[in-house]
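structure-v3.cif (mmCIF, C-alpha atoms)
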```cif
data_structure
loop_
_atom_site.label_atom_id
_atom_site.label_comp_id
_atom_site.auth_asym_id
_atom_site.auth_seq_id
_atom_site.Cartn_x
_atom_site.Cartn_y
_atom_site.Cartn_z
CA MET M 948 118.51 118.15 69.04
CA SER M 949 116.42 119.39 71.93
CA PRO M 950 113.86 117.19 73.73
CA ALA M 951 111.24 119.80 72.93
CA LEU M 952 111.72 119.39 69.21
CA THR M 953 111.76 115.60 69.22
CA ARG M 954 108.44 115.46 71.03
CA ARG M 955 106.71 117.67 68.51
CA ARG M 956 104.61 116.24 65.72
CA ALA M 957 106.34 114.28 63.00
CA VAL M 958 106.29 117.10 60.49
CA MET M 959 108.64 119.10 62.74
CA ALA M 960 111.41 116.72 61.87
CA GLY M 961 114.15 115.33 64.04
CA PRO M 962 117.58 113.93 63.26
CA ALA M 963 116.18 110.85 61.52
CA MET M 964 114.45 112.98 58.89
CA LEU M 965 117.49 115.17 58.39
CA GLY M 966 119.82 112.19 58.08
CA ALA M 967 117.55 110.29 55.69
CA ALA M 968 117.08 113.34 53.51
CA LEU M 969 120.82 113.94 53.38
CA LEU M 970 121.46 110.36 52.30
CA GLY M 971 118.81 110.67 49.60
CA ALA M 972 120.26 113.94 48.36
CA ALA M 973 123.79 112.57 48.29
CA GLY M 974 122.75 109.54 46.26
CA SER M 975 120.79 111.40 43.57
CA PRO M 976 122.44 113.03 40.55
CA ARG M 977 121.53 116.66 40.06
CA PRO M 978 119.20 117.35 37.12
CA ALA M 979 120.69 119.21 34.17
CA ARG M 980 118.43 122.25 34.56
CA ALA M 981 119.29 122.51 38.23
CA GLN M 982 122.99 122.39 37.40
CA ALA M 983 122.63 125.48 35.16
CA TRP M 984 121.14 127.51 37.98
CA PRO M 985 121.76 130.17 39.25
CA SER M 986 122.81 132.28 36.29
CA ARG M 987 122.75 135.56 38.26
CA PRO M 988 122.46 136.72 41.90
CA VAL M 989 119.64 135.16 43.92
CA ARG M 990 117.35 137.41 45.95
CA LEU M 991 116.32 136.02 49.34
CA VAL M 992 113.33 138.09 50.47
CA VAL M 993 112.79 138.72 54.19
CA GLY M 994 109.54 140.26 55.38
CA PHE M 995 111.07 142.14 58.32
CA THR M 996 113.71 144.75 59.04
CA ALA M 997 117.43 144.16 59.49
CA GLY M 998 118.24 142.82 62.95
CA SER M 999 115.03 140.85 63.33
CA SER M 1000 115.34 137.11 63.93
CA THR M 1001 113.99 136.52 60.42
CA ASP M 1002 116.74 138.70 58.99
CA VAL M 1003 119.51 137.27 61.21
CA THR M 1004 118.76 133.67 60.28
CA ALA M 1005 118.26 134.47 56.60
CA ARG M 1006 121.73 136.00 56.43
CA LEU M 1007 123.30 132.89 57.92
CA PHE M 1008 121.82 130.78 55.14
CA ALA M 1009 122.47 133.40 52.45
CA GLN M 1010 126.18 133.29 53.20
CA LYS M 1011 126.26 129.49 52.95
CA PHE M 1012 124.19 129.45 49.77
CA THR M 1013 126.52 132.02 48.19
CA GLU M 1014 129.42 129.63 48.79
CA LEU M 1015 127.50 126.66 47.41
CA TRP M 1016 125.95 128.29 44.36
CA GLY M 1017 128.78 130.50 43.13
CA GLN M 1018 126.49 133.53 42.86
CA PRO M 1019 125.70 136.18 45.48
CA VAL M 1020 122.60 135.45 47.54
CA VAL M 1021 121.34 138.89 48.55
CA VAL M 1022 118.97 139.39 51.47
CA ASP M 1023 116.21 141.81 50.46
CA ASN M 1024 114.28 143.27 53.42
CA VAL M 1025 110.72 143.97 52.27
CA ALA M 1026 109.23 144.85 55.64
CA GLY M 1027 105.63 145.58 56.53
CA ASN M 1028 102.27 144.14 57.52
CA GLY M 1029 103.66 141.29 59.57
CA GLY M 1030 105.89 140.04 56.76
CA THR M 1031 103.15 139.74 54.14
CA LEU M 1032 104.52 142.48 51.87
CA GLY M 1033 107.59 140.36 51.27
CA VAL M 1034 105.53 137.22 50.71
CA ASP M 1035 103.39 139.02 48.14
CA ARG M 1036 106.52 140.22 46.33
CA VAL M 1037 107.79 136.65 46.03
CA ALA M 1038 104.38 135.23 45.06
CA LYS M 1039 104.35 137.60 42.06
CA ALA M 1040 108.00 137.04 41.08
CA ALA M 1041 109.19 135.00 38.10
CA PRO M 1042 109.36 131.31 39.15
CA ASP M 1043 112.94 130.85 37.92
CA GLY M 1044 114.61 130.27 41.28
CA HIS M 1045 116.28 133.67 41.41
CA THR M 1046 113.73 135.00 43.92
CA LEU M 1047 113.18 132.95 47.06
CA MET M 1048 111.29 133.63 50.30
CA TRP M 1049 112.76 133.24 53.78
CA ALA M 1050 109.30 132.72 55.22
CA GLY M 1051 108.07 132.88 58.79
CA ASN M 1052 104.92 131.19 59.96
CA GLY M 1053 103.20 134.45 60.92
CA ALA M 1054 102.71 135.67 57.37
CA ILE M 1055 102.10 132.17 56.02
CA THR M 1056 99.80 130.52 58.60
CA ILE M 1057 98.42 133.25 60.91
CA LEU M 1058 97.69 136.43 58.96
CA PRO M 1059 95.63 134.67 56.25
CA SER M 1060 92.94 134.23 58.93
CA LEU M 1061 93.13 137.85 60.10
CA GLN M 1062 93.28 139.77 56.83
CA GLN M 1063 92.30 139.67 53.19
CA LEU M 1064 95.68 139.07 51.59
CA PRO M 1065 96.62 139.32 47.89
CA PHE M 1066 98.14 135.83 47.92
CA ASP M 1067 97.24 132.31 48.98
CA PRO M 1068 100.22 130.61 50.68
CA LEU M 1069 99.14 127.15 49.52
CA ARG M 1070 98.33 128.18 45.96
CA ASP M 1071 100.86 130.90 45.13
CA LEU M 1072 103.97 129.54 46.85
CA VAL M 1073 105.89 126.27 46.74
CA SER M 1074 107.39 124.84 49.91
CA ILE M 1075 111.08 123.89 49.82
CA SER M 1076 112.03 123.17 53.44
CA MET M 1077 111.04 124.15 56.94
CA THR M 1078 114.48 124.96 58.29
CA LEU M 1079 114.31 126.17 61.90
CA SER M 1080 111.89 126.26 64.81
CA MET M 1081 112.09 128.48 67.87
CA PRO M 1082 110.10 129.77 70.81
CA THR M 1083 109.13 133.37 71.45
CA LEU M 1084 110.66 135.04 74.50
CA PHE M 1085 108.73 137.29 76.91
CA LEU M 1086 111.34 139.96 77.61
CA VAL M 1087 111.86 142.91 79.97
CA ASN M 1088 114.85 145.13 80.63
CA LYS M 1089 116.66 145.26 83.94
CA ASP M 1090 114.62 148.22 85.20
CA GLN M 1091 111.25 146.46 85.14
CA PRO M 1092 109.91 145.12 88.48
CA PHE M 1093 108.67 141.74 87.25
CA ARG M 1094 110.91 138.70 86.84
CA SER M 1095 108.37 135.95 86.10
CA ILE M 1096 105.17 135.42 84.17
CA ALA M 1097 103.25 135.35 87.47
CA GLN M 1098 104.61 138.78 88.42
CA LEU M 1099 103.81 140.11 84.95
CA VAL M 1100 100.23 138.85 85.19
CA ALA M 1101 99.82 140.30 88.69
CA HIS M 1102 101.09 143.69 87.49
CA ALA M 1103 98.76 143.65 84.48
CA ARG M 1104 95.77 142.75 86.65
CA ALA M 1105 96.54 145.61 89.00
CA ASN M 1106 96.95 148.01 86.06
CA PRO M 1107 94.40 146.90 83.42
CA GLY M 1108 95.24 148.18 79.97
CA LYS M 1109 98.19 150.26 81.17
CA LEU M 1110 100.98 147.79 80.42
CA SER M 1111 102.16 147.87 76.81
CA TYR M 1112 104.11 145.26 74.88
CA GLY M 1113 105.99 145.41 71.60
CA THR M 1114 106.14 142.75 68.88
CA PRO M 1115 107.59 142.55 65.35
CA GLY M 1116 104.12 143.30 63.98
CA ALA M 1117 100.39 142.68 64.13
CA GLY M 1118 99.47 139.07 63.45
CA THR M 1119 102.98 137.77 64.08
CA PRO M 1120 103.46 134.70 66.29
CA GLN M 1121 104.70 137.05 69.01
CA HIS M 1122 101.47 139.05 68.89
CA ILE M 1123 99.41 135.86 69.03
CA ALA M 1124 101.46 134.55 71.98
CA ALA M 1125 100.80 137.74 73.96
CA GLU M 1126 97.08 137.65 73.20
CA MET M 1127 96.95 133.98 74.19
CA LEU M 1128 98.43 134.92 77.58
CA CYS M 1129 95.98 137.80 77.94
CA HIS M 1130 93.07 135.49 77.18
CA GLN M 1131 94.19 132.70 79.50
CA ALA M 1132 95.19 135.03 82.36
CA GLY M 1133 92.21 137.36 82.02
CA ILE M 1134 94.35 140.49 81.60
CA ARG M 1135 94.50 143.42 79.16
CA MET M 1136 97.69 144.87 77.67
CA GLU M 1137 98.24 147.41 74.91
CA HIS M 1138 99.87 146.06 71.76
CA ILE M 1139 102.55 148.16 70.02
CA PRO M 1140 103.35 146.62 66.62
CA TYR M 1141 106.73 147.32 65.04
CA ARG M 1142 108.03 146.53 61.55
CA GLY M 1143 110.58 144.06 62.88
CA ALA M 1144 112.85 143.85 65.90
CA ASN M 1145 111.88 146.25 68.70
CA LEU M 1146 114.94 145.59 70.83
CA ALA M 1147 116.24 149.18 70.98
CA ASP M 1148 112.98 150.46 72.47
CA LEU M 1149 112.86 147.51 74.84
CA LEU M 1150 116.42 148.10 76.04
CA SER M 1151 115.78 151.81 76.56
CA GLY M 1152 112.47 151.25 78.36
CA VAL M 1153 110.24 152.87 75.72
CA VAL M 1154 108.20 149.67 75.93
CA PRO M 1155 108.25 147.76 79.23
CA LEU M 1156 107.60 144.32 77.72
CA GLY M 1157 108.69 142.84 74.41
CA LEU M 1158 108.12 139.57 72.61
CA GLN M 1159 110.77 138.39 70.18
CA ASN M 1160 111.93 135.19 68.58
CA ALA M 1161 114.87 133.58 70.31
CA GLY M 1162 117.03 134.18 67.24
CA ALA M 1163 116.87 137.96 67.63
CA ALA M 1164 117.14 138.28 71.41
CA MET M 1165 118.95 135.30 72.90
CA SER M 1166 122.36 136.98 72.84
CA LEU M 1167 120.98 139.94 74.81
CA VAL M 1168 119.47 137.58 77.37
CA ARG M 1169 122.71 135.70 77.78
CA ASP M 1170 124.63 138.98 78.10
CA GLY M 1171 122.29 140.07 80.89
CA GLN M 1172 120.90 143.08 79.01
CA LEU M 1173 117.39 141.62 78.91
CA HIS M 1174 115.57 139.26 81.25
CA CYS M 1175 113.44 136.44 79.87
CA LEU M 1176 110.24 135.89 81.85
CA GLY M 1177 109.35 132.76 79.90
CA VAL M 1178 109.54 130.95 76.59
CA THR M 1179 106.55 129.84 74.55
CA SER M 1180 107.66 126.30 73.74
CA LEU M 1181 105.74 123.60 75.60
CA ARG M 1182 108.96 122.32 77.18
CA ARG M 1183 112.31 123.92 77.87
CA SER M 1184 114.66 124.03 74.93
CA GLY M 1185 117.78 121.91 75.08
CA ASN M 1186 119.64 124.92 73.68
CA ALA M 1187 118.44 127.16 76.53
CA PRO M 1188 117.41 124.88 79.42
CA GLU M 1189 117.85 127.68 81.94
CA LEU M 1190 114.82 129.57 80.57
CA PRO M 1191 111.44 128.59 82.09
CA THR M 1192 108.41 128.05 79.91
CA VAL M 1193 105.15 129.95 80.18
CA ALA M 1194 103.44 126.56 80.49
CA GLU M 1195 105.29 125.65 83.69
CA GLN M 1196 104.40 129.00 85.26
CA GLY M 1197 100.70 128.36 85.70
CA PHE M 1198 99.54 127.99 82.09
CA PRO M 1199 99.70 124.28 81.23
CA GLY M 1200 99.55 123.52 77.52
CA PHE M 1201 100.66 127.04 76.51
CA GLU M 1202 102.59 126.75 73.23
CA ALA M 1203 103.26 129.20 70.42
CA VAL M 1204 106.35 128.14 68.49
CA SER M 1205 107.59 129.86 65.34
CA TRP M 1206 109.35 128.47 62.32
CA PHE M 1207 111.32 129.72 59.34
CA GLY M 1208 111.47 128.07 55.96
CA LEU M 1209 112.32 128.45 52.29
CA MET M 1210 109.60 128.98 49.70
CA ALA M 1211 109.47 129.94 46.03
CA PRO M 1212 106.86 131.21 43.55
CA THR M 1213 104.50 128.58 42.18
CA GLY M 1214 105.68 127.35 38.80
CA ILE M 1215 109.31 126.79 39.75
CA ASP M 1216 110.94 123.74 38.17
CA PRO M 1217 110.46 120.75 40.56
CA GLN M 1218 114.05 119.69 39.83
CA LEU M 1219 115.24 123.07 41.08
CA VAL M 1220 113.16 122.65 44.25
CA GLU M 1221 114.94 119.32 44.82
CA LYS M 1222 118.36 120.95 44.40
CA ILE M 1223 117.63 123.87 46.75
CA HIS M 1224 116.15 121.44 49.29
CA ALA M 1225 119.24 119.21 49.14
CA ASP M 1226 121.55 122.21 49.53
CA THR M 1227 119.50 123.44 52.48
CA LEU M 1228 120.02 120.11 54.23
CA ARG M 1229 123.75 120.31 53.51
CA VAL M 1230 123.88 123.71 55.18
CA LEU M 1231 121.88 122.50 58.18
CA ALA M 1232 124.28 119.57 58.64
CA GLU M 1233 127.43 121.72 58.78
CA THR M 1234 129.03 121.78 62.20
CA ASP M 1235 129.53 125.53 62.36
CA MET M 1236 125.95 126.19 61.29
CA ARG M 1237 124.53 123.85 63.91
CA ALA M 1238 126.67 125.54 66.57
CA ARG M 1239 125.43 128.97 65.50
CA ILE M 1240 121.82 127.76 65.49
CA ALA M 1241 122.22 126.41 69.03
CA GLN M 1242 123.83 129.67 70.14
CA LEU M 1243 120.77 131.56 68.95
CA GLY M 1244 118.49 129.20 70.88
CA LEU M 1245 116.94 127.68 67.75
CA ASP M 1246 116.31 124.10 66.66
CA PRO M 1247 117.12 122.70 63.19
CA VAL M 1248 114.26 121.03 61.33
CA GLY M 1249 115.09 120.14 57.72
CA SER M 1250 111.68 119.01 56.45
CA THR M 1251 110.90 117.83 52.95
CA PRO M 1252 108.81 120.08 50.66
CA ALA M 1253 105.78 117.81 51.14
CA GLN M 1254 106.12 117.89 54.92
CA MET M 1255 106.36 121.67 54.97
CA HIS M 1256 103.29 121.98 52.73
CA ALA M 1257 101.34 119.63 55.00
CA ALA M 1258 102.38 121.60 58.09
CA ILE M 1259 101.17 124.87 56.56
CA ALA M 1260 97.85 123.29 55.55
CA ALA M 1261 97.36 122.01 59.12
CA ASP M 1262 98.55 125.18 60.89
CA ILE M 1263 96.24 127.66 59.13
CA PRO M 1264 93.04 126.28 60.73
CA LYS M 1265 94.87 125.58 64.01
CA TRP M 1266 95.92 129.22 64.41
CA ALA M 1267 92.51 130.42 63.25
CA LYS M 1268 90.95 128.56 66.19
CA VAL M 1269 93.52 129.96 68.63
CA MET M 1270 92.72 133.49 67.49
CA THR M 1271 88.98 132.91 67.70
CA ASP M 1272 89.36 131.54 71.22
CA ALA M 1273 91.43 134.61 72.17
CA GLY M 1274 88.75 136.94 70.82
CA MET M 1275 90.82 138.21 67.86
CA ARG M 1276 88.64 139.09 64.89
CA PRO M 1277 89.58 139.28 61.20
CA ALA M 1278 90.03 142.77 59.76
CA ARG M 1279 87.15 143.88 57.55
#
```
Spell out the structure here as structure tokens.
Amino acid sequence: MSPALTRRRAVMAGPAMLGAALLGAAGSPRPARAQAWPSRPVRLVVGFTAGSSTDVTARLFAQKFTELWGQPVVVDNVAGNGGTLGVDRVAKAAPDGHTLMWAGNGAITILPSLQQLPFDPLRDLVSISMTLSMPTLFLVNKDQPFRSIAQLVAHARANPGKLSYGTPGAGTPQHIAAEMLCHQAGIRMEHIPYRGANLADLLSGVVPLGLQNAGAAMSLVRDGQLHCLGVTSLRRSGNAPELPTVAEQGFPGFEAVSWFGLMAPTGIDPQLVEKIHADTLRVLAETDMRARIAQLGLDPVGSTPAQMHAAIAADIPKWAKVMTDAGMRPAR
């Protein structure tokens, strides 16, 4: 567990929470209704394209859940509008546990303040577990002249509005992180929203700067194909201590960390929520899974449903203030 994660607020849980939850799960008999589930393949909806960090992490868990549940867990990429198309699909699905959401905080806690959405994340979805947290990476390919946040800012100041950056979509945590930097540094950059990972265009130089979750891009950084100017966690990650933070490069307090978690349509049997939560903790505790998570530069969380719900309720107004401070206005 990285120092960065343990210093975060209690809802972003550390080893004590994960261990306690595992003990509780192990000591509780499974309810009869939960034992009868699943009766057919389970659809795990992802709001972004294949190859995005959301998709990559979802597939890791889908494979483990398939082994645990004895039914295929199929990742369904419903990409668009910063992940909200997928969330809406799940919010309207039958609450029988056969449709689950691999949710990211952008669609759940950021976009509700920027757009009129057809769902309410606190009313129409049930939290199961916040599973992973991760920073965003500011990335450039080897042909770009800047190798630090300071050099990026200097270039943007000398070329106002001419530097473009790509993100997985408008209103995603990556978009917000870039706009936070623009606001704090007093620079202007052009946003190019994608429908998921934009790594091919970043590698080829179509866009000079890209922001991606660590889960999608860390392997390319470690292979030397991309250079990371800075990470958006407040402190360096224990899983990638070589990468400097934006905060330590002249922007104290800069933090924009993402999370992934499991959610289901409102109305799902609470006993089934308990079972899926317990199985999620089992997966997070497996040695090979924790090694893979560390390799991707992510941190395991393993929250309870109540803790995840509380985090969402607290993060919606928090991100709304960040966006107001950065001059981002809701769409009309």
Item to check | Thr1119 of chain M environment, 6 Å, only C-alpha atoms, sequence neighbours closer than 2 positions dropped, as a list of chain:residue names | outcome: M:Gly1029, M:Gly1053, M:Gly1116, M:Ala1117, M:Gln1121, M:His1122
Item to check | Residue contacts of Met1270 of chain M (10 Å, all atoms listed in the file) excluding same-chain residues fewer than 4 positions away, as JSON, numbers by chain | outcome: {"M": [1057, 1060, 1061, 1118, 1123, 1124, 1126, 1127, 1130, 1264, 1265, 1266, 1274, 1275, 1276, 1277]}
Item to check | Explicit residue set for the PyMOL selection byres ((chain M and resi 1203) around 12), as number ranges by chain | outcome: M: 1052-1053, 1057, 1080-1085, 1119-1128, 1158-1160, 1177-1182, 1192-1194, 1200-1202, 1204-1206, 1262, 1265-1266, 1269-1270
Checklist entry - Do you know which residues the PyMOL selection byres ((chain M and resi 1031) around 12) returns on this file, as a ChimeraX atom specification? => result /M:992-995,1024-1030,1032-1038,1048-1059,1061-1068,1116-1119,1142
Please evaluate the PyMOL selection byres ((chain M and resi 1175) around 9) against the structure above and give the resulting residues as a compact mmCIF listing (two decimals) with C-alpha atoms, keeping the file's coordinate frame.
```
# COMPACT_ATOMS: atom_id res chain seq x y z
CA LEU M 1084 110.66 135.04 74.50
CA PHE M 1085 108.73 137.29 76.91
CA LEU M 1086 111.34 139.96 77.61
CA VAL M 1087 111.86 142.91 79.97
CA ASN M 1088 114.85 145.13 80.63
CA ARG M 1094 110.91 138.70 86.84
CA SER M 1095 108.37 135.95 86.10
CA MET M 1165 118.95 135.30 72.90
CA VAL M 1168 119.47 137.58 77.37
CA LEU M 1173 117.39 141.62 78.91
CA HIS M 1174 115.57 139.26 81.25
CA LEU M 1176 110.24 135.89 81.85
CA GLY M 1177 109.35 132.76 79.90
CA VAL M 1178 109.54 130.95 76.59
CA LEU M 1190 114.82 129.57 80.57
CA PRO M 1191 111.44 128.59 82.09
```
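Closest approach to Asn1186 of chain M from the set M:Gly1244, M:Gly1017, M:Asn1106, M:Thr1114 is made by M:Gly1244, with distances taken over all atoms listed in the file.
Nearest residue to Ala1132 of chain M among M:Gly1197, M:Gly1208, M:Pro1019, M:Gly998 is M:Gly1197, counting only C-alpha atoms.
Computed from the coordinates, the atom CA of Glu1233 of chain M to atom CA of Leu1079 of chain M distance equals 14.2 Å.
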So for segment 1264-1278 of chain M, what box centre and size do we get, axis-aligned, 8 Å extra on each of the six sides, every listed atom, Å to one decimal, as AutoDock Vina command-line options?
```
--center_x 92.3 --center_y 134.2 --center_z 66.0 --size_x 23.3 --size_y 33.2 --size_z 28.4
```
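Counting only C-alpha atoms, the residue from M:Pro1217, M:Pro985, M:Pro1212, M:Gly1157 that sits nearest to Gln1091 of chain M is M:Gly1157.
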Item to check | Expected residue set, 12 Å radius at (111.5, 125.4, 57.4), all atoms listed in the file, as a ChimeraX atom specification | outcome: /M:958-960,965,1001,1004-1005,1008,1048-1052,1055,1074-1081,1205-1210,1224,1227-1228,1231,1245-1259
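Checking M:Leu1047, M:Leu1219, M:Ala1097, M:Ala1147 one by one against Ile1134 of chain M, counting all atoms listed in the file, you find the shortest gap at M:Ala1097.
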Checklist entry - Interatomic distance between atom CA of Ile1139 of chain M and atom CA of Arg1169 of chain M? => result 24.9 Å
Item to check | Interatomic distance, atom CA of Asp1235 of chain M to atom CA of Val1022 of chain M (Å, one decimal) | outcome: 20.5 Å
Checklist entry - Do you know which residues lie at most 9 Å from (113.7, 135.1, 41.3), with coordinates as in the file and all atoms listed in the file counted, and could you write them as an MDAnalysis selection string? => result chainID M and resid 988:991 1037 1040:1047 1211:1212
